[in-house]
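The next block is work-v6.pdb, given as PDB, C-alpha atoms.
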ATOM      1  CA  MET A   1       4.614   2.366  14.728
ATOM      2  CA  ALA A   2       5.526  -1.307  14.436
ATOM      3  CA  PHE A   3       1.854  -2.286  14.118
ATOM      4  CA  TYR A   4       1.245   0.506  11.597
ATOM      5  CA  ASP A   5       4.254  -0.597   9.542
ATOM      6  CA  GLN A   6       3.108  -4.214   9.696
ATOM      7  CA  SER A   7      -0.370  -3.285   8.473
ATOM      8  CA  LYS A   8       1.061  -1.283   5.540
ATOM      9  CA  PHE A   9       3.325  -4.215   4.646
ATOM     10  CA  ALA A  10       0.317  -6.561   4.721
ATOM     11  CA  ASN A  11      -1.551  -4.189   2.379
ATOM     12  CA  ALA A  12       1.347  -4.362  -0.096
ATOM     13  CA  VAL A  13       1.613  -8.155   0.157
ATOM     14  CA  PHE A  14      -2.128  -8.579  -0.343
ATOM     15  CA  GLY A  15      -2.236  -6.163  -3.298
ATOM     16  CA  TRP A  16       0.650  -7.936  -5.001
ATOM     17  CA  GLU A  17      -0.885 -11.358  -4.355
ATOM     18  CA  LEU A  18      -4.163 -10.151  -5.850
ATOM     19  CA  HIS A  19      -2.206  -8.956  -8.907
ATOM     20  CA  ARG A  20      -0.479 -12.337  -9.172
ATOM     21  CA  ARG A  21      -3.767 -14.239  -8.970
ATOM     22  CA  LEU A  22      -5.552 -11.975 -11.454
ATOM     23  CA  THR A  23      -2.673 -12.342 -13.923
ATOM     24  CA  ALA A  24      -2.590 -16.127 -13.518
ATOM     25  CA  ALA A  25      -6.330 -16.235 -14.235
ATOM     26  CA  GLY A  26      -5.892 -14.137 -17.377
ATOM     27  CA  SER A  27      -8.149 -11.443 -15.962
ATOM     28  CA  PRO A  28      -8.155  -7.924 -17.426
ATOM     29  CA  VAL A  29      -8.735  -6.542 -13.912
ATOM     30  CA  ARG A  30      -5.720  -4.759 -12.438
ATOM     31  CA  SER A  31      -4.527  -4.655  -8.852
ATOM     32  CA  LEU A  32      -2.452  -1.551  -8.164
ATOM     33  CA  LEU A  33      -0.678  -0.380  -5.057
ATOM     34  CA  ALA A  34      -0.327   3.253  -4.001
ATOM     35  CA  HIS A  35       0.812   5.193  -0.955
ATOM     36  CA  PRO A  36       0.453   8.875  -0.055
ATOM     37  CA  GLY A  37       3.921   9.457   1.348
ATOM     38  CA  TYR A  38       4.091  11.569   4.490
ATOM     39  CA  THR A  39       0.837  13.485   4.525
ATOM     40  CA  ALA A  40      -0.271  15.997   7.158
ATOM     41  CA  THR A  41      -3.317  14.291   8.613
ATOM     42  CA  ASN A  42      -4.536  13.751  12.158
ATOM     43  CA  LEU A  43      -2.919  10.305  12.151
ATOM     44  CA  GLN A  44       0.372  11.736  13.395
ATOM     45  CA  LEU A  45      -1.388  13.707  16.119
ATOM     46  CA  SER A  46      -3.139  10.606  17.447
ATOM     47  CA  ALA A  47       0.081   8.696  18.159
ATOM     48  CA  PRO A  48      -0.266   6.865  21.469
ATOM     49  CA  ILE A  49       3.188   7.887  22.698
ATOM     50  CA  GLY A  50       3.772  11.511  23.635
ATOM     51  CA  TRP A  51       7.212  11.950  22.076
ATOM     52  CA  LEU A  52       6.048  10.402  18.773
ATOM     53  CA  ARG A  53       3.130  12.803  18.723
ATOM     54  CA  VAL A  54       5.517  15.721  19.135
ATOM     55  CA  VAL A  55       8.124  14.500  16.614
ATOM     56  CA  PHE A  56       5.747  13.416  13.857
ATOM     57  CA  GLY A  57       2.798  15.720  14.487
ATOM     58  CA  ARG A  58       4.195  19.013  15.696
ATOM     59  CA  ILE A  59       7.661  18.976  14.096
ATOM     60  CA  GLY A  60       7.443  16.532  11.176
ATOM     61  CA  ASN A  61       4.174  17.773   9.696
ATOM     62  CA  PRO A  62       5.294  21.346   9.041
ATOM     63  CA  LEU A  63       8.779  20.329   7.845
ATOM     64  CA  LEU A  64       8.269  17.137   5.857
ATOM     65  CA  ALA A  65       4.597  16.450   5.240
ATOM     66  CA  GLN A  66       2.557  17.391   2.223
ATOM     67  CA  THR A  67      -1.083  18.414   2.198
ATOM     68  CA  PRO A  68      -3.799  15.766   2.140
ATOM     69  CA  GLU A  69      -4.688  16.931  -1.374
ATOM     70  CA  ARG A  70      -1.122  16.221  -2.556
ATOM     71  CA  GLY A  71      -1.100  12.945  -0.619
ATOM     72  CA  ALA A  72      -4.164  11.777  -2.548
ATOM     73  CA  LEU A  73      -2.442  12.177  -5.928
ATOM     74  CA  PRO A  74      -0.697   8.750  -6.054
ATOM     75  CA  GLN A  75      -3.995   6.947  -5.427
ATOM     76  CA  LEU A  76      -5.819   9.091  -7.986
ATOM     77  CA  TYR A  77      -3.033   8.550 -10.509
ATOM     78  CA  ALA A  78      -3.095   4.767  -9.983
ATOM     79  CA  ALA A  79      -6.871   4.692 -10.358
ATOM     80  CA  THR A  80      -7.140   6.868 -13.452
ATOM     81  CA  ASP A  81      -3.986   6.767 -15.583
ATOM     82  CA  PRO A  82      -4.586   4.311 -18.438
ATOM     83  CA  HIS A  83      -0.850   3.552 -18.727
ATOM     84  CA  VAL A  84      -0.449   2.207 -15.197
ATOM     85  CA  GLU A  85      -0.058  -1.567 -15.258
ATOM     86  CA  GLY A  86      -1.251  -4.138 -12.770
ATOM     87  CA  GLY A  87       1.167  -4.794  -9.945
ATOM     88  CA  GLN A  88       2.775  -1.362 -10.126
ATOM     89  CA  PHE A  89       3.356   0.612  -6.937
ATOM     90  CA  ILE A  90       2.699   4.348  -7.120
ATOM     91  CA  GLY A  91       3.996   6.856  -4.591
ATOM     92  CA  PRO A  92       5.542  10.330  -4.326
ATOM     93  CA  ASP A  93       8.646  11.036  -6.392
ATOM     94  CA  GLY A  94      10.466  13.083  -3.732
ATOM     95  CA  MET A  95      13.214  12.154  -1.294
ATOM     96  CA  ALA A  96      12.435   8.871   0.499
ATOM     97  CA  GLU A  97       8.974   8.948  -1.118
ATOM     98  CA  LEU A  98       7.823  11.361   1.585
ATOM     99  CA  ARG A  99       6.281  13.927  -0.756
ATOM    100  CA  GLY A 100       6.047  14.891  -4.385
ATOM    101  CA  GLY A 101       4.202  14.026  -7.545
ATOM    102  CA  PRO A 102       2.969  10.512  -8.299
ATOM    103  CA  THR A 103       5.374   8.106  -9.947
ATOM    104  CA  ARG A 104       6.149   4.401 -10.044
ATOM    105  CA  VAL A 105       8.167   3.428  -6.951
ATOM    106  CA  PRO A 106       9.843   0.120  -6.090
ATOM    107  CA  LEU A 107       7.923  -2.520  -4.201
ATOM    108  CA  SER A 108       9.845  -4.250  -1.433
ATOM    109  CA  PRO A 109      11.004  -7.698  -2.618
ATOM    110  CA  ALA A 110       9.620  -9.081   0.647
ATOM    111  CA  ALA A 111       6.146  -7.786  -0.291
ATOM    112  CA  ALA A 112       6.316  -9.660  -3.607
ATOM    113  CA  ASP A 113       7.340 -12.957  -2.015
ATOM    114  CA  THR A 114       5.024 -15.640  -3.417
ATOM    115  CA  GLU A 115       4.944 -17.770  -0.277
ATOM    116  CA  THR A 116       4.190 -14.794   1.980
ATOM    117  CA  GLY A 117       1.390 -13.726  -0.371
ATOM    118  CA  ARG A 118      -0.113 -17.208  -0.466
ATOM    119  CA  ARG A 119      -0.061 -17.487   3.329
ATOM    120  CA  LEU A 120      -1.596 -14.034   3.859
ATOM    121  CA  TRP A 121      -4.321 -14.817   1.306
ATOM    122  CA  GLU A 122      -5.163 -18.101   3.057
ATOM    123  CA  VAL A 123      -5.214 -16.486   6.515
ATOM    124  CA  SER A 124      -7.414 -13.674   5.172
ATOM    125  CA  GLU A 125      -9.878 -16.181   3.713
ATOM    126  CA  ARG A 126      -9.972 -18.143   6.950
ATOM    127  CA  LEU A 127     -10.434 -15.105   9.202
ATOM    128  CA  THR A 128     -13.082 -13.454   7.018
ATOM    129  CA  ASP A 129     -14.766 -16.680   5.897
ATOM    130  CA  VAL A 130     -14.758 -15.215   2.369
ATOM    131  CA  ARG A 131     -13.451 -17.209  -0.597
ATOM    132  CA  PHE A 132     -12.795 -15.704  -3.997
ATOM    133  CA  THR A 133     -12.571 -18.016  -6.954
ATOM    134  CA  PHE A 134     -10.631 -16.751  -9.937
ATOM    135  CA  PRO A 135     -11.794 -17.847 -13.361
ATOM    136  CA  THR A 136      -9.699 -20.421 -15.178
ATOM    137  CA  PRO A 137      -7.478 -18.875 -17.883
ATOM    138  CA  VAL A 138      -8.837 -19.225 -21.391
TER     139      VAL A 138
END

Let me see whether you can do it: turn the structure in this file into structure tokens.
Amino acid sequence: MAFYDQSKFANAVFGWELHRRLTAAGSPVRSLLAHPGYTATNLQLSAPIGWLRVVFGRIGNPLLAQTPERGALPQLYAATDPHVEGGQFIGPDGMAELRGGPTRVPLSPAAADTETGRRLWEVSERLTDVRFTFPTPV
């Protein structure tokens, strides 16, 4: 779970850093962040630890999870609603953002930390050997 959480945090940091860089370049392109909440997929059933598989897969799915179709709504909303602005984070509107309809949800202040974003961007460029140059603002 710690590695999963770390990867989701990195996704948020990278998405916010992309938003920051696009905005600084004056680009009309938007970077949006979205998460599905707790969605009943096979991910919970593939947990490497037996008790986690039971708690999240066998017990948590029927009680707390929403269908994959409902879990897809925040991403679809972020991608298609013309009123969503760059940098916004979309997730379920229910308790603890586990399930519900798509709405704007708060982004962790740690995910929006400029220094963390810069470092992750630089590490990503180095590890992938891919550089992206943003146009100079007009």

Distance of CA of Val13 in chain A from CA of Phe134 in chain A, expressed in Å to one decimal place: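 Computing it gives 18.0 Å between the two atoms.
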
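Using only C-alpha atoms, the nearest neighbour of Arg104 in chain A within the list A:Thr41, A:Ala34, A:Ala72, A:Gln66 is A:Ala34.
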
Nearest candidate to Ala10 in chain A (options A:Gly91, A:Arg126, A:Leu33, A:Thr80; using only C-alpha atoms): A:Leu33

Counting only C-alpha atoms, the option among A:Ala65, A:Thr133, A:Glu122, A:Gly117 closest to Ala96 in chain A: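 Smallest distance to Ala96 in chain A is found for A:Ala65.
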
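Note that the spacing between CA of Trp16 in chain A and CA of Arg119 in chain A amounts to 12.7 Å.
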
Nearest to Leu63 in chain A by atom-to-atom distance, counting all atoms listed in the file, from A:Leu76, A:Pro92, A:Phe3, A:Thr39: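 Of the candidates, the smallest distance to Leu63 in chain A is held by A:Thr39.
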
Between CA of Arg21 in chain A and CA of His35 in chain A, distance in Å (one decimal):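 CA of His35 in chain A lies 21.5 Å from CA of Arg21 in chain A.
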
Nearest residue to Phe14 in chain A from the set A:Val105, A:Leu73, A:Leu32, A:Ala78 (distances using all atoms listed in the file):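 Nearest candidate to Phe14 in chain A out of A:Val105, A:Leu73, A:Leu32, A:Ala78: A:Leu32.
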
Output check: residues returned by the PyMOL selection byres ((chain A and resi 85-87) around 6), as a PyMOL selection string: chain A and resi 16+19+30-32+84+88
